[in-house]
Amino acid sequence: MTDFKLCVLARPEAREVLDKTGISYETYTAESPFKIEKEEDLLMLCKKAVSESDEKTIVLISHTDLYSDNEKIGVPKNEAEAKRMLEKLSGKKHFFVTRLCLGGGGQLPETVKAETAVTMKPLDKTEIDSYVALNDYAYDGAYSPTGKGSFFVRGVNGDFNNINGMPISKLTELLNKKYGITLANIWTKGCIKND
Amino acid sequence: MKLVLASGSPRRREILENLGFEFEIITTDAEDEIETDGMPPDKVVCMLAEAKGKAVLKMLSAEDDRLVVAADTVVTFDGKILGKPKDREEAKKMLKSLSGRNHLVMTGLYIGSNGKGTANVSAKTEVYFKNLSNELIEAYLDTEEYADKAGAYGIQGKGAVLVENIVGDYFNIVGFPVNKFYEILTEKFGVNMPGGGGTQ
């Protein structure tokens with residue numbers, strides 16, 4: 001088994017999923033600002049990161065979007081917008097869609113998609129107002145389904161960690177398929193090393 | 001809003017802390033005296049949570065009107081309760097039986113206080129396991145994470161990689177049904193506070 005390095009571009013909550021599952025990595029910092037709007041953007045960014053790394057480095061990029069009624073929901077700019085978003089999501093199902101791109105280490109970049117549905121309880125005005133007053137709304141959809149906003153989550157259907165941007169089940173399958181890396185290799189043989 | 005948590009579980013403590021509650025922890029061994037043989041799992045978890053909660057409620061003075069919160073979580077498979085494995089062998093058997101199948105995690109929740117009444121309900125979440133290879137099972141057992149976990153895995157740690165899918169409240173699997181808890185607080189105890197204790 002070859003030893004690899006894992007270089008990750010993902011938000012902090014997504015990297016925490018790697019921490020808790022015992023997968024070591026280093027954080028990739030993009031030189032210039034970037035925007036991920038479609039799959040090609042993800043592939044481009046991955047290719048760029050691969051070109052800057054050595055041949056033993058696997059690059060992992062994660063990007064998550066939130067959809068409600070087939071519409072992309074972003075981060076609210078202010079309290080008023082946060083309230084409108086919560087009103088829109090209230091009592092309904094919405095979807096966290098994460099795209100992972102894995103490349104480098106001698107392999108071409110490849111993307112996989114994971115989707116997790118979250119059903120929110122119906123919210124009344126007081127609940128929305130007091131949640132927004134907590135100032136914890138700087139997320140897609142204006143709430144944190146895995147933090148203080150978990151009160152509002154009636155149920156999840158899918159990989160829970162996908163909400164935080166790291167569908168761990170899909171990631172470990174892809175690491176195995178592309179590089180022959182198993183969790184046994186990672187946990188006991190330490191085949192992913194970052195120093 | 002101040003609570004008393006009648007549980008020594010670090011995972012429950014962490015969930016309540018993250019939600020912004022202030023609470024004191026008081027534990028007893030009240031549940032050890034409860035006979036639950038042959039009872040359906042949802043009844044068992046309710047009884048055990050109630051026993052833990054009531055024992056702590058009794059220790060509070062009559063003027064103390066804090067809400068006492070207790071919970072008990074089990075993993076059920078084919079209608080039977082899977083407890084914490086005694087040893088590695090038993091843990092291996094449990095993981096093998098859960099492989100590629102779905103099981104239910106049930107939590108009984110008890111909330112009670114002097115003068116404000118009580119609530120005792122259960123919540124369940126479905127968990128779908130991946131097909132686990134022997135190699136993965138052995139590697140997971142090597143991490144020793146199984147030792148103090150009902151069903152021999154911890155979804156909040158490395159055990160996350162064993163899970164394909166869940167249906168229901170995630171925190172219920174970890175040991176505390178956050179959504180049910182909030183529902184009872186708002187509907188029965190008239191507390192409206194998504195920020196836990198933070199804004200009260």
# chains A, B, ... in the order shown; residues from 1 in each chain; ligands from 1
$ interface_residues --of "chain A" --to "chain B" --cutoff "6 Å" --atoms "only C-alpha atoms" --output "ChimeraX atom specification"
/A:20-21,131,148,151,154-159,169,184
$ residues_around --residues "Arg15 in chain A" --least-positions-apart "3" --cutoff "9 Å" --atoms "only C-alpha atoms" --output "PyMOL selection string"
chain A and resi 8-12+18-20+25+27+164-166
$ residues_around --residues "Glu55 in chain A" --least-positions-apart "4" --cutoff "8 Å" --atoms "only C-alpha atoms" --output "list in words"
Gly104, Gly105 and Gly106 of chain A
$ write_last_selection --atoms "N, CA and C atoms" --output "PDB file, in the first residue's frame"
ATOM      1  N   GLY A 104      -5.870  13.655  -8.172  1.00  0.00           N
ATOM      2  CA  GLY A 104      -4.460  13.631  -7.803  1.00  0.00           C
ATOM      3  C   GLY A 104      -4.026  12.246  -7.375  1.00  0.00           C
ATOM      4  N   GLY A 105      -2.806  12.157  -6.880  1.00  0.00           N
ATOM      5  CA  GLY A 105      -2.292  10.842  -6.493  1.00  0.00           C
ATOM      6  C   GLY A 105      -2.290   9.879  -7.668  1.00  0.00           C
ATOM      7  N   GLY A 106      -2.058  10.434  -8.879  1.00  0.00           N
ATOM      8  CA  GLY A 106      -1.993   9.584 -10.066  1.00  0.00           C
ATOM      9  C   GLY A 106      -3.339   9.300 -10.721  1.00  0.00           C
TER      10      GLY A 106
END
$ atom_distance --atom1 "CA of Pro167 in chain A" --atom2 "CA of Val132 in chain A"
27.9 Å
$ residues_around --residues "Val44 in chain B" --least-positions-apart "4" --cutoff "12 Å" --atoms "only C-alpha atoms" --output "number ranges by chain"
B: 31, 34-40, 48-51, 71-76, 80-81, 106-109, 120-122
$ write_last_selection --atoms "N, CA, C and O atoms" --output "compact mmCIF listing (two decimals), in the first residue's frame"
# COMPACT_ATOMS: atom_id res chain seq x y z
N GLU B 31 -32.05 3.18 37.75
CA GLU B 31 -32.52 2.29 36.68
C GLU B 31 -32.10 0.83 36.90
O GLU B 31 -32.69 -0.07 36.33
N ILE B 34 -34.95 -1.54 38.01
CA ILE B 34 -36.15 -1.69 37.20
C ILE B 34 -36.12 -3.03 36.44
O ILE B 34 -35.15 -3.35 35.77
N GLU B 35 -37.23 -3.76 36.54
CA GLU B 35 -37.37 -5.05 35.86
C GLU B 35 -38.03 -4.81 34.50
O GLU B 35 -39.14 -4.29 34.45
N THR B 36 -37.33 -5.13 33.43
CA THR B 36 -37.91 -4.84 32.11
C THR B 36 -37.98 -6.09 31.21
O THR B 36 -38.29 -5.98 30.03
N ASP B 37 -37.72 -7.25 31.77
CA ASP B 37 -37.69 -8.48 30.97
C ASP B 37 -38.96 -8.68 30.16
O ASP B 37 -40.06 -8.58 30.68
N GLY B 38 -38.77 -8.96 28.88
CA GLY B 38 -39.91 -9.31 28.03
C GLY B 38 -40.76 -8.14 27.57
O GLY B 38 -41.76 -8.32 26.89
N MET B 39 -40.40 -6.94 27.96
CA MET B 39 -41.22 -5.78 27.56
C MET B 39 -40.77 -5.23 26.21
O MET B 39 -39.60 -5.34 25.86
N PRO B 40 -41.70 -4.62 25.45
CA PRO B 40 -41.28 -4.03 24.17
C PRO B 40 -40.29 -2.87 24.39
O PRO B 40 -40.41 -2.14 25.38
N LEU B 48 -37.12 3.25 31.95
CA LEU B 48 -35.79 3.52 32.48
C LEU B 48 -35.53 5.03 32.61
O LEU B 48 -34.98 5.48 33.61
N ALA B 49 -35.99 5.79 31.61
CA ALA B 49 -35.83 7.25 31.68
C ALA B 49 -36.63 7.80 32.85
O ALA B 49 -36.15 8.65 33.61
N GLU B 50 -37.84 7.29 33.02
CA GLU B 50 -38.70 7.76 34.11
C GLU B 50 -38.07 7.44 35.47
O GLU B 50 -38.06 8.29 36.38
N ALA B 51 -37.51 6.23 35.59
CA ALA B 51 -36.90 5.84 36.88
C ALA B 51 -35.74 6.77 37.22
O ALA B 51 -35.61 7.25 38.35
N ALA B 71 -32.96 10.50 30.04
CA ALA B 71 -33.14 9.77 28.79
C ALA B 71 -32.46 8.42 28.88
O ALA B 71 -31.52 8.23 29.66
N ASP B 72 -32.97 7.49 28.11
CA ASP B 72 -32.34 6.18 28.02
C ASP B 72 -32.41 5.72 26.57
O ASP B 72 -33.47 5.79 25.95
N THR B 73 -31.30 5.27 26.03
CA THR B 73 -31.24 4.91 24.61
C THR B 73 -30.87 3.45 24.42
O THR B 73 -29.96 2.95 25.07
N VAL B 74 -31.58 2.78 23.52
CA VAL B 74 -31.20 1.41 23.16
C VAL B 74 -31.20 1.24 21.65
O VAL B 74 -31.83 2.01 20.92
N VAL B 75 -30.47 0.25 21.20
CA VAL B 75 -30.48 -0.14 19.80
C VAL B 75 -31.34 -1.39 19.72
O VAL B 75 -31.16 -2.32 20.50
N THR B 76 -32.32 -1.40 18.80
CA THR B 76 -33.14 -2.61 18.69
C THR B 76 -33.02 -3.17 17.28
O THR B 76 -32.93 -2.44 16.29
N LYS B 80 -35.51 -7.02 19.22
CA LYS B 80 -34.75 -7.30 20.45
C LYS B 80 -33.80 -6.14 20.75
O LYS B 80 -33.34 -5.45 19.86
N ILE B 81 -33.51 -5.99 22.04
CA ILE B 81 -32.62 -4.91 22.44
C ILE B 81 -31.16 -5.36 22.39
O ILE B 81 -30.81 -6.42 22.91
N MET B 106 -33.85 3.68 19.76
CA MET B 106 -34.96 4.27 20.52
C MET B 106 -34.46 4.96 21.77
O MET B 106 -33.61 4.44 22.48
N THR B 107 -35.01 6.13 22.00
CA THR B 107 -34.68 6.85 23.23
C THR B 107 -35.96 7.15 23.98
O THR B 107 -36.95 7.61 23.39
N GLY B 108 -35.95 6.85 25.27
CA GLY B 108 -37.05 7.25 26.14
C GLY B 108 -36.65 8.57 26.77
O GLY B 108 -35.49 8.77 27.14
N LEU B 109 -37.61 9.49 26.85
CA LEU B 109 -37.32 10.82 27.40
C LEU B 109 -38.30 11.08 28.53
O LEU B 109 -39.50 10.83 28.40
N ASN B 120 -43.40 11.78 29.46
CA ASN B 120 -42.60 10.57 29.29
C ASN B 120 -42.92 9.97 27.91
O ASN B 120 -44.00 9.45 27.70
N VAL B 121 -42.01 10.14 26.96
CA VAL B 121 -42.28 9.68 25.59
C VAL B 121 -41.05 8.96 25.02
O VAL B 121 -39.97 9.03 25.60
N SER B 122 -41.25 8.31 23.90
CA SER B 122 -40.09 7.70 23.24
C SER B 122 -39.98 8.22 21.81
O SER B 122 -40.97 8.65 21.22
$ decode --residues "range 123-141 of chain B" --atoms "N, CA, C and O atoms" --output "short mmCIF file (atom, residue, chain, number, x, y, z; two decimals), in the first residue's frame"
data_model
loop_
_atom_site.label_atom_id
_atom_site.label_comp_id
_atom_site.auth_asym_id
_atom_site.auth_seq_id
_atom_site.Cartn_x
_atom_site.Cartn_y
_atom_site.Cartn_z
N ALA B 123 -38.77 8.19 21.28
CA ALA B 123 -38.54 8.61 19.89
C ALA B 123 -37.72 7.53 19.22
O ALA B 123 -36.89 6.88 19.86
N LYS B 124 -37.98 7.31 17.93
CA LYS B 124 -37.16 6.31 17.25
C LYS B 124 -36.60 6.83 15.93
O LYS B 124 -37.23 7.61 15.24
N THR B 125 -35.40 6.37 15.62
CA THR B 125 -34.72 6.74 14.37
C THR B 125 -34.22 5.46 13.71
O THR B 125 -33.70 4.58 14.38
N GLU B 126 -34.43 5.40 12.39
CA GLU B 126 -33.98 4.22 11.65
C GLU B 126 -32.55 4.43 11.15
O GLU B 126 -32.23 5.52 10.67
N VAL B 127 -31.74 3.40 11.27
CA VAL B 127 -30.35 3.48 10.80
C VAL B 127 -30.10 2.34 9.81
O VAL B 127 -30.39 1.19 10.11
N TYR B 128 -29.61 2.70 8.62
CA TYR B 128 -29.27 1.69 7.61
C TYR B 128 -27.76 1.53 7.58
O TYR B 128 -27.03 2.49 7.30
N PHE B 129 -27.32 0.32 7.85
CA PHE B 129 -25.89 0.03 7.81
C PHE B 129 -25.46 -0.37 6.40
O PHE B 129 -26.21 -0.99 5.68
N LYS B 130 -24.22 -0.04 6.05
CA LYS B 130 -23.62 -0.52 4.81
C LYS B 130 -23.36 -2.02 4.95
O LYS B 130 -23.38 -2.55 6.04
N ASN B 131 -23.05 -2.65 3.84
CA ASN B 131 -22.53 -4.01 3.92
C ASN B 131 -21.11 -3.91 4.45
O ASN B 131 -20.26 -3.29 3.83
N LEU B 132 -20.87 -4.50 5.61
CA LEU B 132 -19.56 -4.35 6.24
C LEU B 132 -18.69 -5.56 5.91
O LEU B 132 -19.09 -6.70 6.15
N SER B 133 -17.51 -5.30 5.36
CA SER B 133 -16.58 -6.40 5.10
C SER B 133 -15.96 -6.83 6.44
O SER B 133 -15.96 -6.05 7.39
N ASN B 134 -15.45 -8.05 6.48
CA ASN B 134 -14.78 -8.51 7.71
C ASN B 134 -13.61 -7.60 8.06
O ASN B 134 -13.36 -7.31 9.22
N GLU B 135 -12.93 -7.13 7.00
CA GLU B 135 -11.78 -6.25 7.21
C GLU B 135 -12.20 -4.96 7.91
O GLU B 135 -11.54 -4.50 8.85
N LEU B 136 -13.33 -4.39 7.47
CA LEU B 136 -13.81 -3.14 8.07
C LEU B 136 -14.25 -3.38 9.52
O LEU B 136 -13.95 -2.59 10.41
N ILE B 137 -14.95 -4.51 9.74
CA ILE B 137 -15.38 -4.82 11.11
C ILE B 137 -14.18 -4.94 12.04
O ILE B 137 -14.14 -4.34 13.12
N GLU B 138 -13.16 -5.69 11.59
CA GLU B 138 -11.96 -5.86 12.43
C GLU B 138 -11.25 -4.51 12.67
O GLU B 138 -10.81 -4.23 13.78
N ALA B 139 -11.17 -3.71 11.61
CA ALA B 139 -10.51 -2.40 11.75
C ALA B 139 -11.28 -1.53 12.74
O ALA B 139 -10.68 -0.83 13.56
N TYR B 140 -12.60 -1.58 12.68
CA TYR B 140 -13.41 -0.78 13.60
C TYR B 140 -13.25 -1.29 15.04
O TYR B 140 -13.11 -0.51 15.97
N LEU B 141 -13.23 -2.62 15.18
CA LEU B 141 -13.05 -3.19 16.52
C LEU B 141 -11.69 -2.78 17.10
O LEU B 141 -11.57 -2.51 18.29
#
